[in-house]
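J.: So that you have it, the file is target-v9.txt, and it contains compact mmCIF, C-alpha atoms:
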```txt
# COMPACT_ATOMS: atom_id res chain seq x y z
CA MET A 37 117.08 -119.75 115.26
CA SER A 38 118.08 -122.14 118.06
CA HIS A 39 121.53 -120.87 119.02
CA PRO A 40 122.13 -117.92 121.37
CA VAL A 41 122.28 -114.48 119.74
CA SER A 42 125.89 -113.27 119.73
CA ILE A 43 126.29 -109.74 121.10
CA VAL A 44 128.98 -107.08 121.18
CA LEU A 45 128.49 -104.23 123.66
CA VAL A 46 130.01 -100.87 122.71
CA GLY A 47 130.47 -98.70 125.80
CA THR A 48 130.74 -100.19 129.27
CA SER A 49 130.28 -97.15 131.53
CA GLY A 50 127.31 -94.81 131.87
CA MET A 51 124.26 -96.38 130.21
CA GLY A 52 126.59 -99.08 128.92
CA SER A 53 127.06 -100.28 132.49
CA VAL A 54 123.30 -100.84 132.75
CA TYR A 55 123.37 -103.06 129.67
CA LEU A 56 126.49 -104.82 130.94
CA ASP A 57 124.95 -105.52 134.34
CA ALA A 58 121.95 -107.12 132.65
CA LEU A 59 124.04 -109.15 130.22
CA LEU A 60 126.30 -110.47 132.97
CA ARG A 61 123.43 -111.11 135.35
CA ASP A 62 121.71 -113.31 132.75
CA ARG A 63 124.84 -114.69 131.11
CA GLN A 64 123.57 -118.27 131.53
CA SER A 65 120.58 -117.41 129.36
CA ALA A 66 120.06 -119.54 126.27
CA ALA A 67 118.86 -116.44 124.40
CA PHE A 68 122.20 -114.65 123.98
CA GLN A 69 125.96 -114.79 124.41
CA LEU A 70 128.16 -111.77 125.09
CA GLU A 71 131.03 -112.18 122.63
CA GLY A 72 132.96 -109.07 123.59
CA THR A 73 132.93 -105.46 124.69
CA VAL A 74 134.36 -102.27 123.21
CA ASP A 75 135.57 -99.28 125.20
CA PRO A 76 138.65 -97.10 124.62
CA TYR A 77 138.73 -96.44 128.38
CA PRO A 78 138.05 -99.89 129.89
CA GLU A 79 139.38 -98.80 133.28
CA ARG A 80 136.14 -96.85 133.74
CA CYS A 81 134.17 -100.10 133.66
CA SER A 82 133.23 -101.19 137.18
CA ARG A 83 133.10 -104.85 136.11
CA LEU A 84 136.33 -105.02 134.12
CA ASN A 85 137.90 -107.66 136.38
CA GLU A 86 134.79 -109.80 136.04
CA LEU A 87 134.91 -109.56 132.25
CA ARG A 88 138.51 -110.72 132.30
CA ALA A 89 137.74 -113.54 134.69
CA LEU A 90 134.97 -114.72 132.38
CA ASP A 91 137.35 -114.50 129.40
CA ILE A 92 135.10 -111.96 127.64
CA PRO A 93 137.42 -109.90 125.44
CA VAL A 94 137.64 -106.13 125.79
CA PHE A 95 138.62 -104.12 122.71
CA GLY A 96 139.53 -100.48 122.30
CA SER A 97 137.66 -100.15 118.99
CA LEU A 98 134.76 -101.79 117.20
CA GLU A 99 137.03 -102.53 114.23
CA GLY A 100 139.31 -104.41 116.61
CA PHE A 101 136.42 -106.61 117.74
CA TYR A 102 135.28 -107.39 114.20
CA GLY A 103 138.85 -108.22 113.24
CA ARG A 104 138.55 -111.35 115.37
CA TYR A 105 134.88 -111.98 116.13
CA ARG A 106 131.41 -111.55 114.73
CA ALA A 107 128.18 -110.55 116.41
CA GLU A 108 124.58 -110.81 115.29
CA LEU A 109 123.65 -107.84 117.49
CA ALA A 110 125.69 -104.75 118.32
CA ILE A 111 124.46 -102.74 121.31
CA ILE A 112 125.91 -99.25 120.94
CA SER A 113 125.95 -97.21 124.14
CA SER A 114 128.79 -94.83 123.38
CA PRO A 115 128.72 -90.99 123.41
CA ILE A 116 126.34 -89.40 120.90
CA GLN A 117 129.06 -88.31 118.44
CA PHE A 118 130.06 -91.95 117.82
CA HIS A 119 126.58 -93.40 117.20
CA CYS A 120 126.52 -92.88 113.43
CA GLU A 121 130.04 -94.12 112.72
CA GLN A 122 129.77 -97.17 114.96
CA THR A 123 126.30 -98.11 113.76
CA ILE A 124 127.48 -98.05 110.15
CA THR A 125 130.55 -100.12 111.06
CA ALA A 126 128.36 -102.74 112.75
CA LEU A 127 125.92 -102.86 109.84
CA THR A 128 128.67 -103.37 107.28
CA ARG A 129 129.95 -106.29 109.37
CA GLY A 130 126.56 -108.02 109.30
CA SER A 131 125.22 -107.03 112.71
CA ASP A 132 121.78 -105.74 113.54
CA VAL A 133 122.03 -102.77 115.88
CA LEU A 134 120.44 -101.48 119.06
CA CYS A 135 121.71 -97.90 119.32
CA GLU A 136 121.09 -95.82 122.41
CA LYS A 137 119.10 -92.62 122.05
CA PRO A 138 119.38 -90.27 120.33
CA PRO A 139 120.37 -92.10 117.12
CA ALA A 140 122.82 -89.31 116.28
CA ALA A 141 123.33 -85.59 116.77
CA THR A 142 122.29 -84.48 113.29
CA ILE A 143 119.70 -85.33 110.68
CA GLN A 144 122.35 -85.95 108.02
CA GLU A 145 123.93 -88.61 110.23
CA VAL A 146 120.60 -90.34 110.84
CA ARG A 147 119.95 -90.44 107.12
CA ALA A 148 123.42 -91.86 106.50
CA MET A 149 122.57 -94.59 109.02
CA ILE A 150 119.32 -95.34 107.19
CA GLY A 151 121.22 -95.64 103.91
CA ALA A 152 123.80 -97.99 105.42
CA ARG A 153 121.06 -100.09 107.03
CA ASP A 154 119.18 -100.49 103.76
CA LEU A 155 122.38 -101.35 101.88
CA ALA A 156 123.31 -103.96 104.47
CA GLY A 157 119.82 -105.46 104.68
CA GLN A 158 119.90 -105.27 108.50
CA TRP A 159 117.81 -103.30 111.02
CA VAL A 160 118.60 -100.62 113.58
CA ALA A 161 116.60 -100.15 116.78
CA VAL A 162 116.90 -96.94 118.80
CA GLY A 163 116.83 -97.22 122.58
CA TYR A 164 113.90 -94.99 123.49
CA GLN A 165 112.75 -97.37 126.21
CA TRP A 166 109.19 -96.05 126.48
CA SER A 167 108.61 -97.01 122.83
CA PHE A 168 109.23 -100.65 123.72
CA SER A 169 106.96 -100.64 126.77
CA ALA A 170 103.58 -102.36 126.88
CA ALA A 171 102.00 -99.11 128.08
CA ILE A 172 103.11 -97.03 125.09
CA GLN A 173 102.49 -99.78 122.56
CA SER A 174 98.94 -100.19 123.85
CA LEU A 175 98.33 -96.43 123.78
CA LYS A 176 99.81 -96.09 120.28
CA LYS A 177 97.59 -98.90 119.02
CA ASP A 178 94.47 -97.19 120.35
CA ILE A 179 95.50 -93.89 118.75
CA MET A 180 96.23 -95.56 115.40
CA GLU A 181 92.82 -97.26 115.52
CA GLY A 182 91.09 -93.90 116.04
CA LEU A 183 89.92 -94.39 119.61
CA PHE A 184 90.87 -90.81 120.55
CA GLY A 185 90.15 -89.05 117.27
CA LYS A 186 92.36 -86.32 115.87
CA ALA A 187 95.32 -85.15 117.98
CA ARG A 188 95.06 -81.46 118.88
CA ARG A 189 97.90 -80.67 121.28
CA LEU A 190 100.51 -82.76 123.11
CA LYS A 191 102.57 -81.15 125.85
CA CYS A 192 105.14 -82.26 128.38
CA LEU A 193 106.80 -80.58 131.38
CA TYR A 194 109.90 -82.21 132.89
CA LEU A 195 111.97 -80.49 135.55
CA TRP A 196 114.96 -82.56 136.69
CA PRO A 197 117.57 -80.71 138.80
CA ARG A 198 121.18 -81.68 138.18
CA ASP A 199 124.47 -80.49 139.66
CA GLU A 200 127.98 -79.70 138.47
CA LEU A 201 129.01 -83.33 138.85
CA TYR A 202 126.45 -84.28 136.23
CA TYR A 203 128.20 -82.03 133.72
CA ARG A 204 131.64 -83.25 134.76
CA ARG A 205 130.88 -86.96 134.59
CA ASN A 206 132.47 -87.20 131.14
CA ASP A 207 134.13 -84.98 128.53
CA TRP A 208 131.05 -84.38 126.37
CA ALA A 209 128.19 -83.55 128.76
CA GLY A 210 126.60 -80.20 127.97
CA LYS A 211 128.68 -79.71 124.83
CA GLN A 212 127.67 -78.85 121.28
CA LYS A 213 130.83 -80.30 119.70
CA ASP A 214 133.80 -82.39 120.77
CA GLY A 215 137.48 -81.55 120.26
CA LEU A 216 137.38 -82.95 116.72
CA GLU A 217 134.46 -80.70 115.77
CA ARG A 218 131.96 -83.57 115.75
CA TRP A 219 128.44 -82.55 116.71
CA ILE A 220 127.13 -83.77 120.09
CA LEU A 221 124.27 -81.36 120.94
CA ASP A 222 123.96 -82.76 124.45
CA SER A 223 121.03 -81.19 126.30
CA PRO A 224 117.99 -82.14 128.39
CA ALA A 225 115.93 -82.41 125.20
CA ASN A 226 118.55 -84.55 123.43
CA ASN A 227 119.63 -86.77 126.29
CA ALA A 228 117.99 -87.14 129.72
CA MET A 229 114.50 -86.09 128.59
CA ALA A 230 114.83 -87.01 124.92
CA HIS A 231 112.48 -89.93 125.56
CA ASP A 232 109.67 -87.57 126.48
CA LEU A 233 110.04 -85.37 123.40
CA HIS A 234 110.35 -88.39 121.11
CA ASN A 235 107.30 -90.04 122.67
CA MET A 236 104.95 -87.24 121.57
CA PHE A 237 105.96 -87.78 117.95
CA TYR A 238 106.07 -91.56 118.26
CA ILE A 239 102.57 -92.22 119.55
CA LEU A 240 101.14 -90.16 116.67
CA GLY A 241 102.86 -92.24 113.99
CA ARG A 242 100.49 -93.91 111.56
CA THR A 243 102.25 -97.27 111.90
CA ARG A 244 104.05 -99.07 114.69
CA GLU A 245 107.45 -98.16 113.22
CA THR A 246 106.86 -94.48 112.41
CA SER A 247 106.34 -91.13 114.13
CA ALA A 248 104.52 -87.92 113.31
CA VAL A 249 106.70 -85.59 111.26
CA PRO A 250 107.60 -82.10 112.51
CA LEU A 251 106.88 -79.31 110.04
CA ARG A 252 107.95 -76.21 111.95
CA VAL A 253 109.72 -75.53 115.24
CA GLU A 254 110.43 -72.51 117.42
CA ALA A 255 112.49 -72.70 120.56
CA GLU A 256 113.87 -70.74 123.49
CA LEU A 257 117.11 -72.18 124.87
CA TYR A 258 118.73 -71.03 128.11
CA ARG A 259 121.52 -71.98 130.49
CA ALA A 260 122.43 -71.42 134.11
CA TYR A 261 125.43 -73.78 134.19
CA GLY A 262 128.78 -72.96 132.59
CA ILE A 263 128.28 -75.27 129.62
CA GLU A 264 128.29 -74.84 125.84
CA ASN A 265 124.74 -75.89 125.18
CA TYR A 266 121.48 -75.28 127.04
CA ASP A 267 120.19 -76.73 130.32
CA THR A 268 116.66 -75.33 129.89
CA ALA A 269 114.39 -75.49 126.85
CA ALA A 270 110.93 -74.41 125.79
CA ILE A 271 110.01 -75.80 122.38
CA ARG A 272 106.91 -75.51 120.21
CA CYS A 273 106.58 -77.73 117.17
CA LEU A 274 103.83 -78.16 114.59
CA THR A 275 103.46 -81.52 112.85
CA THR A 276 102.47 -82.07 109.24
CA GLU A 277 99.04 -83.15 110.54
CA GLY A 278 98.56 -79.82 112.33
CA THR A 279 99.15 -81.06 115.88
CA GLU A 280 100.92 -78.72 118.29
CA ILE A 281 103.77 -80.22 120.33
CA LEU A 282 104.97 -78.31 123.42
CA PHE A 283 107.99 -79.36 125.44
CA TYR A 284 109.43 -77.75 128.58
CA ALA A 285 112.54 -79.20 130.23
CA SER A 286 115.21 -77.98 132.64
CA HIS A 287 118.18 -79.17 134.67
CA SER A 288 118.41 -75.82 136.51
CA ALA A 289 115.02 -75.96 138.22
CA ALA A 290 114.67 -76.36 141.98
CA VAL A 291 111.97 -79.06 142.00
CA ASP A 292 112.01 -82.53 140.44
CA THR A 293 108.65 -83.05 138.78
CA GLY A 294 109.46 -86.12 136.72
CA PRO A 295 107.65 -86.25 133.37
CA VAL A 296 104.24 -84.56 133.46
CA PHE A 297 102.22 -84.61 130.27
CA SER A 298 98.81 -83.97 128.81
CA TYR A 299 97.89 -85.22 125.35
CA GLU A 300 94.70 -83.62 124.00
CA PHE A 301 92.58 -85.26 121.30
CA ASP A 302 89.16 -84.49 119.89
CA GLY A 303 87.79 -87.56 121.66
CA GLY A 304 89.71 -87.61 124.93
CA THR A 305 92.87 -86.87 126.88
CA VAL A 306 95.89 -88.87 128.01
CA SER A 307 98.04 -87.85 130.96
CA THR A 308 100.62 -88.82 133.54
CA ALA A 309 102.00 -87.01 136.57
CA GLY A 310 105.57 -87.90 137.48
CA ARG A 311 108.27 -90.51 137.40
CA GLY A 312 106.91 -94.02 137.85
CA ALA A 313 103.28 -92.95 137.42
CA ASP A 314 100.73 -94.77 135.29
CA ILE A 315 99.49 -93.33 132.03
CA THR A 316 95.75 -92.78 132.24
CA ALA A 317 93.15 -91.67 129.71
CA SER A 318 89.68 -90.23 129.65
CA ILE A 319 87.75 -91.22 126.54
CA GLY A 320 84.18 -89.98 126.26
CA GLY A 321 83.81 -89.98 130.02
CA ARG A 322 85.34 -93.46 130.39
CA ALA A 323 88.67 -94.02 132.14
CA LYS A 324 91.44 -96.29 130.91
CA ASN A 325 94.75 -97.11 132.61
CA TYR A 326 97.66 -98.05 130.34
CA GLY A 327 100.09 -98.75 133.17
CA CYS A 328 103.58 -97.42 133.79
CA PRO A 329 106.00 -97.13 130.85
CA ASP A 330 109.00 -97.22 133.20
CA VAL A 331 108.44 -100.92 133.95
CA GLU A 332 111.03 -103.17 132.26
CA ARG A 333 113.40 -100.39 131.21
CA LEU A 334 115.56 -102.92 129.36
CA ARG A 335 112.72 -104.35 127.34
CA LYS A 336 114.43 -102.58 124.42
CA MET A 337 117.32 -105.03 124.80
CA THR A 338 115.18 -108.15 125.14
CA SER A 339 113.09 -106.95 122.20
CA ALA A 340 116.22 -106.46 120.09
CA ILE A 341 117.47 -109.95 120.94
CA ALA A 342 114.07 -111.39 120.04
CA SER A 343 114.06 -109.42 116.79
CA VAL A 344 117.37 -111.00 115.76
CA ARG A 345 115.91 -114.44 116.48
CA ASN A 346 112.61 -113.95 114.66
CA ARG A 347 113.78 -111.39 112.04
CA ARG A 348 111.05 -108.97 113.07
CA VAL A 349 111.69 -105.21 112.76
CA PRO A 350 111.82 -103.72 116.28
CA GLU A 351 109.19 -101.32 117.61
CA CYS A 352 111.33 -98.19 117.36
CA GLY A 353 113.86 -97.81 114.58
CA LEU A 354 115.56 -94.98 112.75
CA GLU A 355 112.46 -93.71 110.94
CA ALA A 356 110.58 -93.44 114.24
CA ALA A 357 113.51 -91.67 115.90
CA THR A 358 114.14 -89.20 113.06
CA SER A 359 111.43 -86.77 114.20
CA GLN A 360 113.11 -86.06 117.53
CA THR A 361 116.47 -85.41 115.83
CA LEU A 362 114.84 -83.14 113.26
CA CYS A 363 113.07 -81.20 116.02
CA ILE A 364 116.30 -80.85 118.04
CA ASN A 365 118.27 -79.63 115.02
CA GLY A 366 115.58 -77.10 114.19
CA ALA A 367 115.44 -75.94 117.81
CA GLN A 368 119.20 -75.30 117.84
CA ASP A 369 118.84 -73.31 114.61
CA ALA A 370 115.95 -71.37 116.14
CA MET A 371 118.24 -70.03 118.85
CA PRO A 372 121.89 -70.68 117.88
CA GLU A 373 123.17 -68.34 120.60
CA ILE A 374 122.13 -69.86 123.93
CA GLN A 375 120.68 -67.26 126.29
CA GLU A 376 122.23 -66.84 129.75
CA PHE A 377 119.93 -66.56 132.75
CA PRO A 378 120.55 -63.32 134.68
CA VAL A 379 123.24 -63.81 137.31
CA ASP A 380 121.09 -62.21 140.03
CA LEU A 381 118.50 -64.99 139.60
CA LEU A 382 120.98 -67.85 140.15
CA GLU A 383 120.86 -69.65 143.48
CA VAL A 384 123.96 -71.76 144.13
CA GLN A 385 124.12 -74.51 146.74
CA GLY A 386 126.68 -77.13 147.75
CA GLU A 387 130.43 -77.60 147.65
CA PRO A 388 132.57 -76.58 144.64
CA GLY A 389 132.50 -79.33 142.05
CA ARG A 390 129.14 -80.60 143.29
CA ARG A 391 127.23 -77.35 143.37
CA SER A 392 123.67 -77.16 142.10
CA ILE A 393 122.38 -74.04 140.38
CA HIS A 394 118.71 -73.11 140.47
CA VAL A 395 117.08 -70.20 138.68
CA ARG A 396 114.78 -68.33 141.00
CA GLY A 397 111.20 -68.53 139.79
CA LEU A 398 111.99 -70.84 136.87
CA ASP A 399 109.81 -73.69 138.14
CA GLU A 400 106.77 -71.45 138.39
CA SER A 401 107.43 -69.82 135.02
CA LEU A 402 107.72 -73.10 133.13
CA LYS A 403 104.67 -74.52 134.89
CA GLU A 404 102.68 -71.45 133.85
CA CYS A 405 103.92 -71.87 130.27
CA TYR A 406 102.79 -75.50 130.38
CA GLU A 407 99.36 -74.58 131.71
CA ARG A 408 98.85 -71.71 129.25
CA ASN A 409 100.38 -73.47 126.21
CA CYS A 410 102.93 -70.75 125.53
CA LEU A 411 106.65 -70.01 125.47
CA PRO A 412 108.40 -67.90 128.17
CA SER A 413 108.78 -64.86 125.91
CA GLU A 414 105.04 -64.89 125.26
CA LEU A 415 104.45 -64.40 128.98
CA GLY A 416 106.66 -61.33 129.01
CA ILE A 417 109.11 -62.87 131.49
CA SER A 418 112.06 -60.52 132.02
CA TRP A 419 114.78 -63.01 131.09
CA ALA A 420 112.95 -64.55 128.13
CA LYS A 421 113.87 -63.99 124.50
CA PRO A 422 111.96 -65.36 121.51
CA GLY A 423 113.66 -67.68 119.05
CA ARG A 424 112.89 -67.71 115.36
CA LYS A 425 110.60 -70.14 113.57
CA VAL A 426 112.42 -72.77 111.55
CA GLU A 427 110.74 -74.58 108.66
CA LEU A 428 111.58 -78.27 108.62
CA ARG A 429 110.11 -79.32 105.29
CA GLY A 430 113.12 -80.37 103.21
CA TYR A 431 115.49 -79.84 106.15
CA ASP A 432 118.36 -82.22 105.45
CA HIS A 433 121.45 -80.79 107.09
CA PHE A 434 122.37 -79.27 110.44
CA PRO A 435 123.10 -76.45 110.91
CA GLY A 436 121.03 -74.30 108.62
CA GLY A 437 118.69 -76.83 107.08
CA ARG A 438 120.55 -77.26 103.79
CA LYS A 439 124.04 -78.40 103.02
CA ARG A 440 126.10 -75.58 101.58
CA ASN A 441 127.89 -76.26 98.30
CA GLY A 442 131.67 -76.22 98.57
```
As structure tokens - that is how I would like this structure written.
T.:
Amino acid sequence: MSHPVSIVLVGTSGMGSVYLDALLRDRQSAAFQLEGTVDPYPERCSRLNELRALDIPVFGSLEGFYGRYRAELAIISSPIQFHCEQTITALTRGSDVLCEKPPAATIQEVRAMIGARDLAGQWVAVGYQWSFSAAIQSLKKDIMEGLFGKARRLKCLYLWPRDELYYRRNDWAGKQKDGLERWILDSPANNAMAHDLHNMFYILGRTRETSAVPLRVEAELYRAYGIENYDTAAIRCLTTEGTEILFYASHSAAVDTGPVFSYEFDGGTVSTAGRGADITASIGGRAKNYGCPDVERLRKMTSAIASVRNRRVPECGLEAATSQTLCINGAQDAMPEIQEFPVDLLEVQGEPGRRSIHVRGLDESLKECYERNCLPSELGISWAKPGRKVELRGYDHFPGGRKRNG
């Protein structure tokens, strides 16, 4: 392919603005051409005047764009509840797709996307940026080749304080459903830190394009903020290969740890300690540095463009991303009623509308859980409540695992 790859960008604020900045910055590139953008609220786009000056059309719907133009690649960076519908629309119009993470809110939507992709003969990449990084690809290759031996336990702790403004930045943050009853399931584990949960499944996949499959999940889900869904999660998952996955994440902690993880194998360990840190390994007494996976955050976009040109399936597609969605759906089923932190433990700071809420002692409790490989309720913490265990074998519909007849 010698001509530039034609692109339509769906969503121009939030993460969409990051894509747009990159596309406009490199608009003279011979690799691609931005054919148009889609956003029902274009006034939220900080570069709207520039788009108009460059004669790049702005549409209110993806159908409106395809009514006049075509695109070889659709980059979908809209709210979670639109990912499935818009991905299928793009596929049926002949576009390959780079869809932001997560691929969709529910497992049934992801499987509908897989069906539409196969019918269209196109591909869908999912924007878990670590999966496209040189660091993760190198680590995954070593794991696939048996350098570390059998995976025993992978765990991650990620505390990232947020404030009320974070939950008011749009009309879907922190929600389980939107006004039309479409599932969103926005949470730390399904949005801001979804990368880190997905990564534990992804690096254990037997091929470049697959992930380890979750077999069973139990979860404890809590909230300090006045939202529908949870802002704090402790999740334990068992894969079909017998590996334990532990994930601890919170937006109502007092300290920002960045992603901290420890991956334990029979033949060595892999770890990192914070945002921007390198991933390092110890293998039989030897050290290996894989580098920082946060370098080139938009490599997912350049990889997708290259994949259109060379017809190569991208590093992370729908099959690879399915495990995270399945785990999230099971976790929500494990504790459908989100637990409220006790009011007397909430520490509130800042002005109304921008207040931050911290749970006293939460940082220490989750760090102890991480160190002892347990859930909060197993430590006997006063506010903790155990969730149930949810079997994921044959789980094909959220909520409940099976679609009800009628």
J.: Point out the residue among A:Ala89, A:Thr279, A:Glu414, A:Pro197 with the least atom-to-atom distance to Phe237 (chain A), counting all atoms listed in the file.
T.: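 Looking only at the distances to Phe237 (chain A), the closest residue turns out to be A:Thr279.
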J.: May I have the residues within 10 Å of Tyr266 (chain A) as a list in words, using only C-alpha atoms and disregarding those fewer than 5 positions away in the same chain?
T.: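 Contacts, in chain order: Gly210, Lys211, Gln212, Leu221, Asp222, Ser223, Pro224, Ala225, Glu256, Leu257, Tyr258, Arg259, Ala260, Tyr261, Ser286, His287, Ser288, Gln368, Glu373, Ile374, Gln375 and Glu376 of chain A.
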J.: Between A:Glu332, A:Asp399, A:Asp302, A:Glu277, which has the minimum distance to Leu183 (chain A) (counting only C-alpha atoms)?
T.: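 Of the candidates, the smallest distance to Leu183 (chain A) is held by A:Asp302.
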J.: Scan for residues within 8 Å of the point (117.7, -68.8, 141.4) in the coordinates of the file, using only C-alpha atoms, and reply as an NGL selection string.
T.: :A and (380-384 or 393-398)
J.: Might you pull out every residue within 12 Å of Val426 (chain A), with all atoms listed in the file counted and same-chain residues fewer than 3 positions away left off, and present them as an NGL selection string?
T.: :A and (250-255 or 271-274 or 362-372 or 423 or 429-431 or 434-437)
J.: Which residues, written as a list in words, have at least one atom at most 10 Å from Gly389 (chain A), with only C-alpha atoms counted and residues fewer than 3 positions away on the same chain left out?
T.: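 Close residues of Gly389 (chain A): Asp199, Glu200, Leu201, Tyr202, Tyr203, Arg204, Gly386 and Ser392 of chain A.
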J.: When distances are computed from all atoms listed in the file, which of A:Thr142, A:Ala156, A:Ser97, A:Leu428 shows the smallest separation from Ile124 (chain A)?
T.: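 The closest residue to Ile124 (chain A) is A:Ala156.
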J.: How would region 270-293 of chain A of the given structure read as a file with N, CA and C atoms, as a CSV table (one decimal), in the first residue's frame?
T.:
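Written file, out09.csv:
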```csv
chain,number,residue,atom,x,y,z
A,270,ALA,N,-10.8,-5.0,45.2
A,270,ALA,CA,-9.9,-6.1,45.5
A,270,ALA,C,-10.4,-7.3,44.8
A,271,ILE,N,-9.6,-7.8,43.9
A,271,ILE,CA,-10.1,-8.9,43.0
A,271,ILE,C,-9.1,-10.1,43.0
A,272,ARG,N,-9.6,-11.3,43.2
A,272,ARG,CA,-8.8,-12.5,43.0
A,272,ARG,C,-9.4,-13.3,41.9
A,273,CYS,N,-8.6,-13.7,41.0
A,273,CYS,CA,-9.0,-14.5,39.8
A,273,CYS,C,-8.1,-15.7,39.7
A,274,LEU,N,-8.6,-16.8,39.3
A,274,LEU,CA,-7.9,-18.0,39.0
A,274,LEU,C,-8.0,-18.3,37.5
A,275,THR,N,-6.9,-18.5,36.8
A,275,THR,CA,-6.9,-18.8,35.4
A,275,THR,C,-7.1,-20.3,35.1
A,276,THR,N,-7.4,-20.7,33.9
A,276,THR,CA,-7.6,-22.1,33.5
A,276,THR,C,-6.3,-22.9,33.7
A,277,GLU,N,-5.2,-22.2,33.7
A,277,GLU,CA,-3.9,-22.8,33.9
A,277,GLU,C,-3.5,-22.9,35.4
A,278,GLY,N,-4.4,-22.4,36.3
A,278,GLY,CA,-4.1,-22.5,37.7
A,278,GLY,C,-3.3,-21.3,38.3
A,279,THR,N,-3.1,-20.3,37.6
A,279,THR,CA,-2.4,-19.1,38.1
A,279,THR,C,-3.3,-18.2,38.8
A,280,GLU,N,-2.9,-17.7,40.0
A,280,GLU,CA,-3.7,-16.7,40.7
A,280,GLU,C,-3.4,-15.3,40.3
A,281,ILE,N,-4.4,-14.5,40.0
A,281,ILE,CA,-4.3,-13.1,39.7
A,281,ILE,C,-4.9,-12.3,40.8
A,282,LEU,N,-4.2,-11.4,41.3
A,282,LEU,CA,-4.7,-10.5,42.4
A,282,LEU,C,-4.5,-9.1,42.0
A,283,PHE,N,-5.6,-8.3,42.2
A,283,PHE,CA,-5.6,-6.9,41.7
A,283,PHE,C,-6.3,-6.0,42.7
A,284,TYR,N,-5.5,-5.0,43.1
A,284,TYR,CA,-6.0,-4.0,44.1
A,284,TYR,C,-5.9,-2.6,43.5
A,285,ALA,N,-7.0,-1.9,43.5
A,285,ALA,CA,-7.0,-0.6,42.9
A,285,ALA,C,-8.0,0.3,43.6
A,286,SER,N,-7.6,1.6,43.7
A,286,SER,CA,-8.5,2.6,44.4
A,286,SER,C,-8.3,4.0,43.9
A,287,HIS,N,-9.4,4.7,43.8
A,287,HIS,CA,-9.4,6.2,43.6
A,287,HIS,C,-9.7,7.0,44.9
A,288,SER,N,-9.9,6.3,46.0
A,288,SER,CA,-10.2,7.0,47.2
A,288,SER,C,-9.1,6.7,48.3
A,289,ALA,N,-7.9,6.4,47.8
A,289,ALA,CA,-6.7,6.3,48.6
A,289,ALA,C,-6.1,7.7,48.8
A,290,ALA,N,-5.2,7.8,49.7
A,290,ALA,CA,-4.5,9.1,50.0
A,290,ALA,C,-3.2,9.3,49.2
A,291,VAL,N,-2.6,8.2,48.9
A,291,VAL,CA,-1.3,8.2,48.2
A,291,VAL,C,-1.3,7.7,46.8
A,292,ASP,N,-0.6,8.3,45.9
A,292,ASP,CA,-0.5,7.8,44.5
A,292,ASP,C,0.7,6.9,44.4
A,293,THR,N,0.5,5.6,44.2
A,293,THR,CA,1.6,4.7,44.1
A,293,THR,C,2.0,4.5,42.7
```
